[in-house]
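J.: Structure below; questions to follow.
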Amino acid sequence: MKKTSRSANRSAHRQYSSLVTEGVERAPGRGMLRAVGFTDADLYKKSQVGIASTWSMLTPCNMHIDQLAREAERGVNAAGAKAIIFGTITVADGISMGTEGMKYSLVSREVIADSIETVVGCEGMDGVIAIGGCDKNMPGSLMAIARLNRPAVFIYGGTILPGRHAGKNVDIVSIFEAVGAHARKEIGDRKLKEIECAAIPGPGSCGGMYTANTMASAIEALGMSLPNSSAQVAISRAKQLDCRNAGAAVVNLIKRGIRPRDIMTRDAFLNAITVVMALGGSTNAVLHLLAIANTAGVKLSLEDFTRIGRHVPVLADLKPSGKYVVAELVRIGGTTPLMKMLLDEHLLNGDCLTVTGKTLAENLRATKPYPKRQQVIRPFENPIKKDGHLVILYGNLATEGAVAKISGKEGLTFKGQAIVFESEEAALKAILNGTVRKGHVIVIRYEGPKGGPGMREMLSPTSAVMGKGLGKDVALITDGRFSGGSHGFVVGHITPEAHVGGALALVKNGDTISIDALKRKLELHVPAAVLAKRRKAWKQPAPRYTRGVLGKYAREVGSASTGALTDLA
């Protein structure tokens, strides 16, 4: 067939793939694709859909995703397109937590985004499916999808089933908190090992409303996943069908010319924030939604979280602050009945387009309500908390903002004396050995995006605080982040961070610090003249890394208040 006739066959559904498969000069490329199974129909007629798999045996969150990728491949192929599976990385936060290696965690979000963009852009794929199971997989995938702006669907790998110990559900956070209980001699070595061995029974993401489940729910509310993709057990028939259906959905989006930025509008991001608030989700949602929005060219700010939080209650009684695991939410119907409740209360914009090709309201029209006797999701008249739990604080310690996770159980205000640590490891040691006492405000600094670098999550120290029985007696503030499993009186994402001269760098042991969730204030009670003197004497520490991925990240990364991005516009 002549080159001209091949060119004539190019159409919207092969906008990118035709450039790498059609024409005499593309014969070498076609030869390589034939070696991996392409036929003439695949090369000349079908849309090509890249399936980004985050499969890895590093973590239970992702150990099954190779199987899900195959299901998605079947769905794409059955819908008349050609699927191509490729890999990207994942890291295991729960394994690296509290170590130097955790500095790579947030960095991996950028690596994932870069790698998906690189493969899809290089190989001329017409559409994208990304499958993520752990915390950074999800925002990294969405950032790549936003950059590429080619028809795309995100699939969540699914939640883990809970472990059982002593007749109770246990999970990864149970182990972290058991370490604290062991330190105060409440449990011994044997019980600690029993919990360690029981808490994580198989594949799936950590079982509470931690960062993975939070971001999956946010992405569904954003319109970028199929209905209830965020609330399915990892190893289940429902998750297999979700993958098959996602394959068909992306082909439909290609045919209809619907692109991610048609879906990821400002109103859609506000929907995502609303669902995160109602679920009592992770503080990391703030960082990641800001990053995705920025990448998509959508204006979103910390103030949007404040505004939505004022009128959206916490309805989900889910771990870490609540009683239940996400598998129990799955059992009663998943996320869609909650979204229908929010829509009926005019708290969601139902006109937003989704990856089904329909609006959010159309997707939810036939959704059945939760069973009457369930206790996982509260009614509006009896919420867990009448307003949002993610509270944006400002003050002389956070002139550009900080993020507090206030469930209400810890109280709404705290005032105490600073005990200052230059690293997470030093703070954890002091918590476990009893140096940290009632009335302390634990300050962990130089853990921000640049200073860490990498903005480590503080699950080890926050869990140690809870395990030591100090959850209501101390507060913890940091320019680092918190795991979705963290709870207690905690404030993170303090900006400007200490490394760039933020006031956190000027705090000294014994200084009085107050946190007020009602007034949304984070204040260091030291006279301005004293702070000015301290600032004059302060010197920026030398970078901890100057080469490699951490050195590069430290040089390029922006403030947490705009999402800690390395490709700011």
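Residue names in the structure tokens use chain letters A, B, ... in the order shown, residue numbers from 1 in each chain, and ligand numbers from 1 in the order shown.
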Using 9 Å as the limit and counting only C-alpha atoms, can you tabulate each residue of region 21-64 of chain A that touches region 110-122 of chain A, with its shortest atom-to-atom distance in Å and the two atoms involved, as CSV?
T.:
```
residue,atom,partner,partner_atom,distance
A:Val49,CA,A:Val120,CA,8.9
A:Gly50,CA,A:Val120,CA,6.6
A:Ala52,CA,A:Ile116,CA,6.7
A:Thr54,CA,A:Ile112,CA,8.9
```
J.: Find the residues near Ala361 (chain A): any atom within 9 Å, counting only C-alpha atoms, skip ones fewer than 5 places away on the same chain, and give them as a ChimeraX atom specification.
T.: /A:340,343,349-352
J.: Calculated over only C-alpha atoms, which of the candidates A:Ala83, A:Ala427, A:Val170, A:Met57 has the smallest distance to Gly247 (chain A)?
T.: A:Ala83
J.: Please provide the set of residues having any atom within 9 Å of region 464-477 of chain A, restricted to only C-alpha atoms, with same-chain residues fewer than 6 positions apart removed, written as a CSV table (one decimal) with all heavy atoms, in the first residue's frame.
T.:
```csv
chain,number,residue,atom,x,y,z
A,176,PHE,N,3.0,0.1,63.8
A,176,PHE,CA,3.7,1.3,64.3
A,176,PHE,C,3.3,1.7,65.7
A,176,PHE,O,4.2,2.1,66.5
A,176,PHE,CB,3.4,2.5,63.3
A,176,PHE,CG,4.3,2.4,62.1
A,176,PHE,CD1,3.8,1.9,60.9
A,176,PHE,CD2,5.5,3.0,62.0
A,176,PHE,CE1,4.5,1.9,59.7
A,176,PHE,CE2,6.3,3.0,60.9
A,176,PHE,CZ,5.8,2.4,59.7
A,177,GLU,N,2.1,1.6,66.0
A,177,GLU,CA,1.6,2.0,67.4
A,177,GLU,C,2.0,1.0,68.4
A,177,GLU,O,2.3,1.3,69.6
A,177,GLU,CB,0.1,2.3,67.4
A,177,GLU,CG,-0.2,3.5,66.5
A,177,GLU,CD,-1.7,3.9,66.6
A,177,GLU,OE1,-2.5,3.2,67.2
A,177,GLU,OE2,-2.1,4.9,65.9
A,178,ALA,N,2.1,-0.3,68.0
A,178,ALA,CA,2.6,-1.3,68.9
A,178,ALA,C,4.0,-1.1,69.3
A,178,ALA,O,4.5,-1.4,70.4
A,178,ALA,CB,2.4,-2.7,68.2
A,179,VAL,N,4.8,-0.5,68.4
A,179,VAL,CA,6.2,-0.1,68.7
A,179,VAL,C,6.2,0.8,69.9
A,179,VAL,O,7.0,0.7,70.8
A,179,VAL,CB,6.9,0.5,67.5
A,179,VAL,CG1,8.3,1.0,67.9
A,179,VAL,CG2,7.1,-0.6,66.4
A,180,GLY,N,5.3,1.8,69.9
A,180,GLY,CA,5.2,2.8,71.0
A,180,GLY,C,4.8,2.1,72.3
A,180,GLY,O,5.3,2.4,73.4
A,181,ALA,N,3.8,1.2,72.2
A,181,ALA,CA,3.3,0.5,73.3
A,181,ALA,C,4.4,-0.4,73.9
A,181,ALA,O,4.5,-0.6,75.1
A,181,ALA,CB,2.1,-0.4,72.9
A,182,HIS,N,5.2,-1.0,73.1
A,182,HIS,CA,6.4,-1.8,73.5
A,182,HIS,C,7.4,-0.9,74.3
A,182,HIS,O,8.0,-1.4,75.3
A,182,HIS,CB,7.0,-2.4,72.3
A,182,HIS,CG,8.1,-3.4,72.6
A,182,HIS,ND1,9.4,-2.9,72.8
A,182,HIS,CD2,8.2,-4.7,72.8
A,182,HIS,CE1,10.2,-4.0,73.0
A,182,HIS,NE2,9.5,-5.1,73.1
A,183,ALA,N,7.6,0.3,73.8
A,183,ALA,CA,8.5,1.2,74.4
A,183,ALA,C,8.1,1.6,75.9
A,183,ALA,O,9.0,1.8,76.7
A,183,ALA,CB,8.7,2.5,73.6
A,184,ARG,N,6.8,1.6,76.1
A,184,ARG,CA,6.4,2.0,77.5
A,184,ARG,C,6.1,0.7,78.3
A,184,ARG,O,5.4,0.8,79.3
A,184,ARG,CB,5.2,2.9,77.5
A,184,ARG,CG,3.9,2.4,77.0
A,184,ARG,CD,2.8,3.4,77.1
A,184,ARG,NE,1.5,2.9,76.8
A,184,ARG,CZ,0.4,3.6,76.9
A,184,ARG,NH1,0.4,4.8,77.3
A,184,ARG,NH2,-0.8,3.0,76.6
A,186,GLU,N,4.0,-1.7,77.7
A,186,GLU,CA,2.7,-2.1,77.8
A,186,GLU,C,2.5,-3.5,77.2
A,186,GLU,O,1.6,-4.3,77.6
A,186,GLU,CB,1.8,-1.1,77.1
A,186,GLU,CG,0.3,-1.4,77.2
A,186,GLU,CD,-0.6,-0.3,76.5
A,186,GLU,OE1,-0.5,0.8,77.0
A,186,GLU,OE2,-1.2,-0.7,75.5
A,404,ALA,N,-3.0,21.1,59.2
A,404,ALA,CA,-3.3,20.4,60.4
A,404,ALA,C,-4.4,19.4,60.2
A,404,ALA,O,-5.3,19.6,59.4
A,404,ALA,CB,-3.7,21.3,61.5
A,409,LYS,N,-11.0,14.8,68.2
A,409,LYS,CA,-10.8,14.0,69.4
A,409,LYS,C,-9.6,14.5,70.2
A,409,LYS,O,-9.5,14.2,71.4
A,409,LYS,CB,-10.6,12.5,69.0
A,409,LYS,CG,-11.8,11.9,68.3
A,409,LYS,CD,-11.5,10.5,67.9
A,409,LYS,CE,-12.7,9.9,67.2
A,409,LYS,NZ,-12.5,8.5,66.8
A,410,GLU,N,-8.7,15.2,69.6
A,410,GLU,CA,-7.5,15.7,70.3
A,410,GLU,C,-7.8,17.0,70.9
A,410,GLU,O,-6.9,17.5,71.7
A,410,GLU,CB,-6.3,15.9,69.3
A,410,GLU,CG,-6.1,14.7,68.3
A,410,GLU,CD,-7.0,14.8,67.1
A,410,GLU,OE1,-7.8,15.7,67.0
A,410,GLU,OE2,-6.8,13.9,66.2
A,411,GLY,N,-8.9,17.6,70.7
A,411,GLY,CA,-9.2,19.0,71.1
A,411,GLY,C,-8.9,19.9,69.9
A,411,GLY,O,-8.5,19.5,68.8
A,414,PHE,N,-4.0,23.8,71.3
A,414,PHE,CA,-2.9,23.3,72.1
A,414,PHE,C,-1.9,24.4,72.3
A,414,PHE,O,-1.6,25.1,71.4
A,414,PHE,CB,-2.3,22.1,71.4
A,414,PHE,CG,-1.3,21.3,72.3
A,414,PHE,CD1,-1.8,20.2,73.0
A,414,PHE,CD2,0.0,21.7,72.5
A,414,PHE,CE1,-0.9,19.4,73.8
A,414,PHE,CE2,0.8,21.0,73.3
A,414,PHE,CZ,0.4,19.9,73.9
A,415,LYS,N,-1.4,24.4,73.5
A,415,LYS,CA,-0.3,25.4,73.8
A,415,LYS,C,0.7,24.7,74.7
A,415,LYS,O,0.4,24.0,75.7
A,415,LYS,CB,-0.9,26.6,74.6
A,415,LYS,CG,0.1,27.8,74.7
A,415,LYS,CD,-0.6,29.0,75.2
A,415,LYS,CE,0.3,30.3,75.2
A,415,LYS,NZ,-0.5,31.5,75.6
A,416,GLY,N,2.0,24.8,74.3
A,416,GLY,CA,3.0,24.1,75.1
A,416,GLY,C,4.4,24.6,74.7
A,416,GLY,O,4.6,25.6,74.0
A,428,LEU,N,12.1,10.7,67.2
A,428,LEU,CA,11.6,9.3,67.5
A,428,LEU,C,12.4,8.8,68.7
A,428,LEU,O,11.7,8.2,69.6
A,428,LEU,CB,11.8,8.4,66.3
A,428,LEU,CG,11.3,7.0,66.5
A,428,LEU,CD1,9.8,6.9,66.9
A,428,LEU,CD2,11.6,6.1,65.3
A,431,ILE,N,11.1,10.5,71.9
A,431,ILE,CA,9.7,10.0,72.2
A,431,ILE,C,9.8,8.7,72.9
A,431,ILE,O,9.2,8.5,74.0
A,431,ILE,CB,8.8,10.0,71.0
A,431,ILE,CG1,8.6,11.4,70.4
A,431,ILE,CG2,7.5,9.4,71.3
A,431,ILE,CD1,8.1,11.4,69.0
A,432,LEU,N,10.5,7.7,72.3
A,432,LEU,CA,10.6,6.4,72.9
A,432,LEU,C,11.3,6.3,74.2
A,432,LEU,O,10.9,5.5,75.0
A,432,LEU,CB,11.2,5.4,71.8
A,432,LEU,CG,10.4,5.2,70.5
A,432,LEU,CD1,11.2,4.4,69.6
A,432,LEU,CD2,9.1,4.6,70.8
A,434,GLY,N,11.4,8.6,76.5
A,434,GLY,CA,10.8,9.4,77.6
A,434,GLY,C,11.2,10.8,77.7
A,434,GLY,O,10.7,11.5,78.6
A,436,VAL,N,10.5,13.2,75.7
A,436,VAL,CA,9.3,14.0,75.3
A,436,VAL,C,8.3,13.7,76.4
A,436,VAL,O,8.0,12.5,76.7
A,436,VAL,CB,8.8,13.6,73.9
A,436,VAL,CG1,7.4,14.3,73.7
A,436,VAL,CG2,9.8,14.1,72.9
A,437,ARG,N,7.7,14.8,77.0
A,437,ARG,CA,6.8,14.6,78.1
A,437,ARG,C,5.5,15.5,77.8
A,437,ARG,O,5.5,16.3,76.9
A,437,ARG,CB,7.4,15.0,79.4
A,437,ARG,CG,8.6,14.2,79.8
A,437,ARG,CD,9.1,14.6,81.2
A,437,ARG,NE,9.5,16.0,81.3
A,437,ARG,CZ,10.7,16.5,80.9
A,437,ARG,NH1,11.6,15.7,80.4
A,437,ARG,NH2,10.9,17.7,81.1
A,438,LYS,N,4.5,15.2,78.6
A,438,LYS,CA,3.3,16.0,78.6
A,438,LYS,C,3.5,17.5,78.5
A,438,LYS,O,4.3,18.0,79.3
A,438,LYS,CB,2.4,15.6,79.8
A,438,LYS,CG,1.0,16.3,79.8
A,438,LYS,CD,0.2,15.8,81.0
A,438,LYS,CE,-1.1,16.5,81.0
A,438,LYS,NZ,-1.9,16.0,82.2
A,439,GLY,N,2.8,18.2,77.6
A,439,GLY,CA,3.0,19.6,77.5
A,439,GLY,C,4.0,20.0,76.4
A,439,GLY,O,4.1,21.2,76.1
A,440,HIS,N,4.7,19.1,75.8
A,440,HIS,CA,5.7,19.5,74.8
A,440,HIS,C,5.0,19.7,73.4
A,440,HIS,O,4.0,19.0,73.1
A,440,HIS,CB,6.7,18.4,74.7
A,440,HIS,CG,7.9,18.5,75.6
A,440,HIS,ND1,8.5,17.4,76.2
A,440,HIS,CD2,8.5,19.6,76.1
A,440,HIS,CE1,9.5,17.8,77.0
A,440,HIS,NE2,9.5,19.1,77.0
A,441,VAL,N,5.5,20.6,72.7
A,441,VAL,CA,5.3,20.7,71.3
A,441,VAL,C,6.5,20.2,70.6
A,441,VAL,O,7.6,20.9,70.6
A,441,VAL,CB,4.9,22.1,70.8
A,441,VAL,CG1,4.7,22.2,69.3
A,441,VAL,CG2,3.7,22.7,71.5
A,442,ILE,N,6.4,19.0,70.0
A,442,ILE,CA,7.6,18.4,69.3
A,442,ILE,C,7.8,19.2,68.0
A,442,ILE,O,6.9,19.2,67.2
A,442,ILE,CB,7.4,16.9,69.0
A,442,ILE,CG1,7.1,16.2,70.4
A,442,ILE,CG2,8.6,16.3,68.3
A,442,ILE,CD1,6.5,14.8,70.1
A,443,VAL,N,9.0,19.7,67.8
A,443,VAL,CA,9.3,20.5,66.6
A,443,VAL,C,10.3,19.6,65.8
A,443,VAL,O,11.4,19.4,66.3
A,443,VAL,CB,9.9,21.9,66.9
A,443,VAL,CG1,10.3,22.6,65.6
A,443,VAL,CG2,8.9,22.7,67.6
A,444,ILE,N,10.0,19.2,64.6
A,444,ILE,CA,10.9,18.4,63.7
A,444,ILE,C,11.1,19.3,62.5
A,444,ILE,O,10.2,19.5,61.7
A,444,ILE,CB,10.3,17.1,63.3
A,444,ILE,CG1,10.0,16.3,64.6
A,444,ILE,CG2,11.4,16.3,62.5
A,444,ILE,CD1,9.4,14.9,64.3
A,445,ARG,N,12.3,19.8,62.3
A,445,ARG,CA,12.5,20.7,61.2
A,445,ARG,C,13.7,20.2,60.3
A,445,ARG,O,14.3,19.2,60.6
A,445,ARG,CB,12.9,22.1,61.8
A,445,ARG,CG,14.1,22.2,62.6
A,445,ARG,CD,14.2,23.5,63.3
A,445,ARG,NE,15.4,23.6,64.1
A,445,ARG,CZ,15.6,24.6,65.0
A,445,ARG,NH1,14.6,25.5,65.2
A,445,ARG,NH2,16.7,24.7,65.8
A,487,HIS,N,-2.2,10.2,63.3
A,487,HIS,CA,-3.3,11.0,64.0
A,487,HIS,C,-2.8,11.5,65.3
A,487,HIS,O,-1.6,11.2,65.7
A,487,HIS,CB,-4.6,10.1,64.2
A,487,HIS,CG,-4.4,8.8,64.9
A,487,HIS,ND1,-5.1,8.5,66.0
A,487,HIS,CD2,-3.6,7.8,64.7
A,487,HIS,CE1,-4.8,7.3,66.5
A,487,HIS,NE2,-3.9,6.8,65.7
A,488,GLY,N,-3.5,12.3,66.0
A,488,GLY,CA,-3.1,13.1,67.1
A,488,GLY,C,-3.1,14.5,66.7
A,488,GLY,O,-3.5,14.9,65.7
A,489,PHE,N,-2.5,15.4,67.6
A,489,PHE,CA,-2.5,16.8,67.4
A,489,PHE,C,-1.2,17.1,66.5
A,489,PHE,O,-0.1,17.4,67.1
A,489,PHE,CB,-2.5,17.6,68.7
A,489,PHE,CG,-3.2,18.9,68.6
A,489,PHE,CD1,-4.4,19.0,69.4
A,489,PHE,CD2,-2.9,19.9,67.8
A,489,PHE,CE1,-5.1,20.2,69.3
A,489,PHE,CE2,-3.6,21.1,67.7
A,489,PHE,CZ,-4.8,21.2,68.5
A,490,VAL,N,-1.4,17.1,65.2
A,490,VAL,CA,-0.2,17.2,64.3
A,490,VAL,C,-0.4,18.3,63.3
A,490,VAL,O,-1.5,18.5,62.8
A,490,VAL,CB,0.1,15.9,63.6
A,490,VAL,CG1,0.4,14.8,64.6
A,490,VAL,CG2,-1.1,15.4,62.8
A,491,VAL,N,0.7,19.0,63.0
A,491,VAL,CA,0.7,20.1,62.0
A,491,VAL,C,1.9,19.9,61.1
A,491,VAL,O,3.0,19.8,61.6
A,491,VAL,CB,0.8,21.5,62.6
A,491,VAL,CG1,0.7,22.6,61.5
A,491,VAL,CG2,-0.4,21.7,63.6
A,492,GLY,N,1.7,19.8,59.8
A,492,GLY,CA,2.8,19.6,58.8
A,492,GLY,C,2.7,20.6,57.7
A,492,GLY,O,1.9,21.5,57.7
A,493,HIS,N,3.6,20.4,56.7
A,493,HIS,CA,3.7,21.2,55.5
A,493,HIS,C,3.9,22.7,55.9
A,493,HIS,O,3.5,23.6,55.2
A,493,HIS,CB,2.4,21.1,54.7
A,493,HIS,CG,2.0,19.8,54.3
A,493,HIS,ND1,1.1,19.5,53.3
A,493,HIS,CD2,2.2,18.5,54.9
A,493,HIS,CE1,0.9,18.2,53.2
A,493,HIS,NE2,1.5,17.6,54.1
A,494,ILE,N,4.6,22.9,57.0
A,494,ILE,CA,4.8,24.3,57.4
A,494,ILE,C,5.7,25.0,56.4
A,494,ILE,O,6.8,24.6,56.1
A,494,ILE,CB,5.5,24.4,58.8
A,494,ILE,CG1,4.5,23.8,59.9
A,494,ILE,CG2,5.9,25.8,59.2
A,494,ILE,CD1,5.1,23.7,61.3
A,515,ILE,N,-1.3,26.3,69.0
A,515,ILE,CA,-2.0,25.9,67.8
A,515,ILE,C,-3.5,26.1,68.1
A,515,ILE,O,-4.0,25.6,69.1
A,515,ILE,CB,-1.7,24.4,67.5
A,515,ILE,CG1,-0.2,24.1,67.4
A,515,ILE,CG2,-2.4,23.9,66.2
A,515,ILE,CD1,0.1,22.7,67.6
```
J.: Please provide as a ChimeraX atom specification all residues within 10 Å of Phe380 (chain A), with the sequence filter that same-chain residues fewer than 2 positions apart are discarded (counting only C-alpha atoms).
T.: /A:312-315,341-342,345,377-378,382-386
J.: As a PyMOL selection string, please: the residues near Pro543 (chain A) (cut-off 9 Å, only C-alpha atoms, same-chain neighbours under 3 positions excluded).
T.: chain A and resi 450-453+499+540+546+551+554
J.: Go ahead and dump the residues you just picked, C-alpha atoms, as a JSON list (two decimals), in the first residue's frame.
T.:
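Final file, again12.json:
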```
[["chain", "number", "residue", "atom", "x", "y", "z"],
["A", 450, "LYS", "CA", 14.40, 21.17, 50.05],
["A", 451, "GLY", "CA", 15.76, 20.66, 53.54],
["A", 452, "GLY", "CA", 15.15, 16.93, 53.87],
["A", 453, "PRO", "CA", 15.22, 16.76, 50.99],
["A", 499, "HIS", "CA", 15.84, 25.26, 55.14],
["A", 540, "GLN", "CA", 21.36, 28.13, 56.01],
["A", 546, "THR", "CA", 24.30, 17.66, 46.03],
["A", 551, "GLY", "CA", 20.38, 16.58, 44.94],
["A", 554, "ALA", "CA", 16.38, 19.67, 46.25]]
```
J.: Which is closest to Leu393 (chain A) among A:Asn169, A:Ile406, A:Pro369, A:Arg481, if we use only C-alpha atoms?
T.: A:Ile406
J.: What are the closest atom pairs, with distances in Å to one decimal, for each residue of region 384-481 of chain A lying within 9 Å of region 90-103 of chain A, using only C-alpha atoms, rows by chain and rising residue number, as a tab-separated table?
T.:
```
residue	atom	partner	partner_atom	distance
A:Glu424	CA	A:Gly98	CA	6.9
A:Glu425	CA	A:Gly98	CA	6.7
A:Leu428	CA	A:Gly98	CA	8.4
A:Glu447	CA	A:Lys103	CA	8.8
A:Gly452	CA	A:Lys103	CA	6.7
A:Pro453	CA	A:Lys103	CA	6.2
A:Gly454	CA	A:Lys103	CA	4.6
A:Met455	CA	A:Lys103	CA	6.5
A:Arg456	CA	A:Lys103	CA	5.4
A:Glu457	CA	A:Met97	CA	7.0
A:Met458	CA	A:Gly98	CA	7.1
A:Leu459	CA	A:Met97	CA	6.9
A:Ser460	CA	A:Gly98	CA	5.7
A:Pro461	CA	A:Gly98	CA	8.1
```
J.: Run DSSP on the backbone and grab whatever in region 56-113 of chain A lands in strand (DSSP E or B); send it over as an MDAnalysis selection string.
T.: chainID A and resid 82:87
J.: Could you write out the selected residues, including all heavy atoms, as a PDB file, in the first residue's frame?
T.:
```pdb
ATOM      1  N   LYS A  82      -5.529  -1.477  20.666  1.00  0.00           N
ATOM      2  CA  LYS A  82      -4.371  -2.320  20.943  1.00  0.00           C
ATOM      3  C   LYS A  82      -3.693  -1.832  22.214  1.00  0.00           C
ATOM      4  O   LYS A  82      -3.242  -0.685  22.289  1.00  0.00           O
ATOM      5  CB  LYS A  82      -3.384  -2.270  19.778  1.00  0.00           C
ATOM      6  CG  LYS A  82      -2.071  -3.015  20.024  1.00  0.00           C
ATOM      7  CD  LYS A  82      -2.266  -4.497  20.277  1.00  0.00           C
ATOM      8  CE  LYS A  82      -0.927  -5.208  20.442  1.00  0.00           C
ATOM      9  NZ  LYS A  82      -1.112  -6.631  20.814  1.00  0.00           N
ATOM     10  N   ALA A  83      -3.621  -2.683  23.231  1.00  0.00           N
ATOM     11  CA  ALA A  83      -3.018  -2.329  24.519  1.00  0.00           C
ATOM     12  C   ALA A  83      -1.539  -2.675  24.544  1.00  0.00           C
ATOM     13  O   ALA A  83      -1.110  -3.691  23.976  1.00  0.00           O
ATOM     14  CB  ALA A  83      -3.736  -3.048  25.649  1.00  0.00           C
ATOM     15  N   ILE A  84      -0.769  -1.830  25.200  1.00  0.00           N
ATOM     16  CA  ILE A  84       0.668  -2.053  25.379  1.00  0.00           C
ATOM     17  C   ILE A  84       0.991  -1.809  26.854  1.00  0.00           C
ATOM     18  O   ILE A  84       0.883  -0.677  27.341  1.00  0.00           O
ATOM     19  CB  ILE A  84       1.514  -1.100  24.516  1.00  0.00           C
ATOM     20  CG1 ILE A  84       1.023  -1.085  23.068  1.00  0.00           C
ATOM     21  CG2 ILE A  84       2.992  -1.464  24.602  1.00  0.00           C
ATOM     22  CD1 ILE A  84       1.551   0.094  22.276  1.00  0.00           C
ATOM     23  N   ILE A  85       1.376  -2.842  27.568  1.00  0.00           N
ATOM     24  CA  ILE A  85       1.709  -2.707  28.988  1.00  0.00           C
ATOM     25  C   ILE A  85       3.170  -2.300  29.135  1.00  0.00           C
ATOM     26  O   ILE A  85       4.053  -2.864  28.485  1.00  0.00           O
ATOM     27  CB  ILE A  85       1.460  -4.028  29.736  1.00  0.00           C
ATOM     28  CG1 ILE A  85      -0.010  -4.432  29.646  1.00  0.00           C
ATOM     29  CG2 ILE A  85       1.891  -3.914  31.194  1.00  0.00           C
ATOM     30  CD1 ILE A  85      -0.308  -5.806  30.215  1.00  0.00           C
ATOM     31  N   PHE A  86       3.403  -1.306  29.971  1.00  0.00           N
ATOM     32  CA  PHE A  86       4.790  -0.940  30.300  1.00  0.00           C
ATOM     33  C   PHE A  86       4.872  -0.640  31.793  1.00  0.00           C
ATOM     34  O   PHE A  86       3.860  -0.437  32.462  1.00  0.00           O
ATOM     35  CB  PHE A  86       5.280   0.247  29.461  1.00  0.00           C
ATOM     36  CG  PHE A  86       4.546   1.545  29.712  1.00  0.00           C
ATOM     37  CD1 PHE A  86       5.005   2.471  30.645  1.00  0.00           C
ATOM     38  CD2 PHE A  86       3.389   1.850  29.002  1.00  0.00           C
ATOM     39  CE1 PHE A  86       4.345   3.665  30.867  1.00  0.00           C
ATOM     40  CE2 PHE A  86       2.718   3.055  29.219  1.00  0.00           C
ATOM     41  CZ  PHE A  86       3.195   3.965  30.158  1.00  0.00           C
ATOM     42  N   GLY A  87       6.065  -0.604  32.314  1.00  0.00           N
ATOM     43  CA  GLY A  87       6.236  -0.468  33.756  1.00  0.00           C
ATOM     44  C   GLY A  87       6.736   0.893  34.176  1.00  0.00           C
ATOM     45  O   GLY A  87       7.367   1.616  33.418  1.00  0.00           O
TER      46      GLY A  87
END
```
J.: When you draw a straight line from CA of Ile175 (chain A) to CA of Ala199 (chain A), how long is it in Å?
T.: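 CA of Ala199 (chain A) lies 7.2 Å from CA of Ile175 (chain A).
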J.: Within region 288-353 of chain A, find each residue whose DSSP state, derived from the backbone, is alpha helix (DSSP H), and express the selection as an NGL selection string.
T.: :A and (288-296 or 302-309 or 326-331 or 336-344)
J.: With a distance cut-off of 8 Å and only C-alpha atoms, select the neighbouring residues of Leu506 (chain A), excluding the residue or stretch itself and same-chain residues fewer than 3 positions from it, and output the selection as an MDAnalysis selection string.
T.: chainID A and resid 502:503 531 534:535 538
J.: How would the residues just picked look written out with C-alpha atoms as a short mmCIF file (atom, residue, chain, number, x, y, z; two decimals), in the first residue's frame?
T.:
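Once everything was written out, this is part05.cif:
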```
data_model
loop_
_atom_site.label_atom_id
_atom_site.label_comp_id
_atom_site.auth_asym_id
_atom_site.auth_seq_id
_atom_site.Cartn_x
_atom_site.Cartn_y
_atom_site.Cartn_z
CA GLY A 502 11.20 29.97 57.62
CA ALA A 503 10.48 30.87 61.23
CA LEU A 531 13.21 36.64 66.47
CA ARG A 534 17.90 34.98 65.93
CA ARG A 535 17.32 35.44 62.22
CA TRP A 538 20.91 31.99 61.47
#
```
J.: CA of Lys319 (chain A) and CA of Gly208 (chain A) are how many Å apart?
T.: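 Taking CA of Lys319 (chain A) as the start and CA of Gly208 (chain A) as the end point, the length is 4.7 Å.
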J.: What separation in Å, quoted to one decimal, exists between CA of Arg237 (chain A) and CA of Ala78 (chain A)?
T.: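 Computing it gives 18.1 Å between the two atoms.
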J.: What's the 12 Å shell around Thr359 (chain A), counting only C-alpha atoms, without same-chain residues fewer than 4 positions away, as a count of residues only?
T.: 20
J.: Taking only C-alpha atoms into account, which of A:His525, A:Lys519, A:Arg256, A:Arg150 comes nearest Val507 (chain A)?
T.: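 Comparing A:His525, A:Lys519, A:Arg256, A:Arg150 against Val507 (chain A), the winner is A:His525.
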J.: Looking at only C-alpha atoms, which of A:Leu68, A:Leu142, A:Val128, A:Leu504 is the one that sits closest to Val420 (chain A)?
T.: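 Of A:Leu68, A:Leu142, A:Val128, A:Leu504, the one nearest Val420 (chain A) is A:Leu504, counting only C-alpha atoms.
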J.: Taking only C-alpha atoms into account, which of A:Ala72, A:Ala12, A:Met125, A:Ala146 comes nearest Ala291 (chain A)?
T.: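 Nearest to Ala291 (chain A): A:Ala146.
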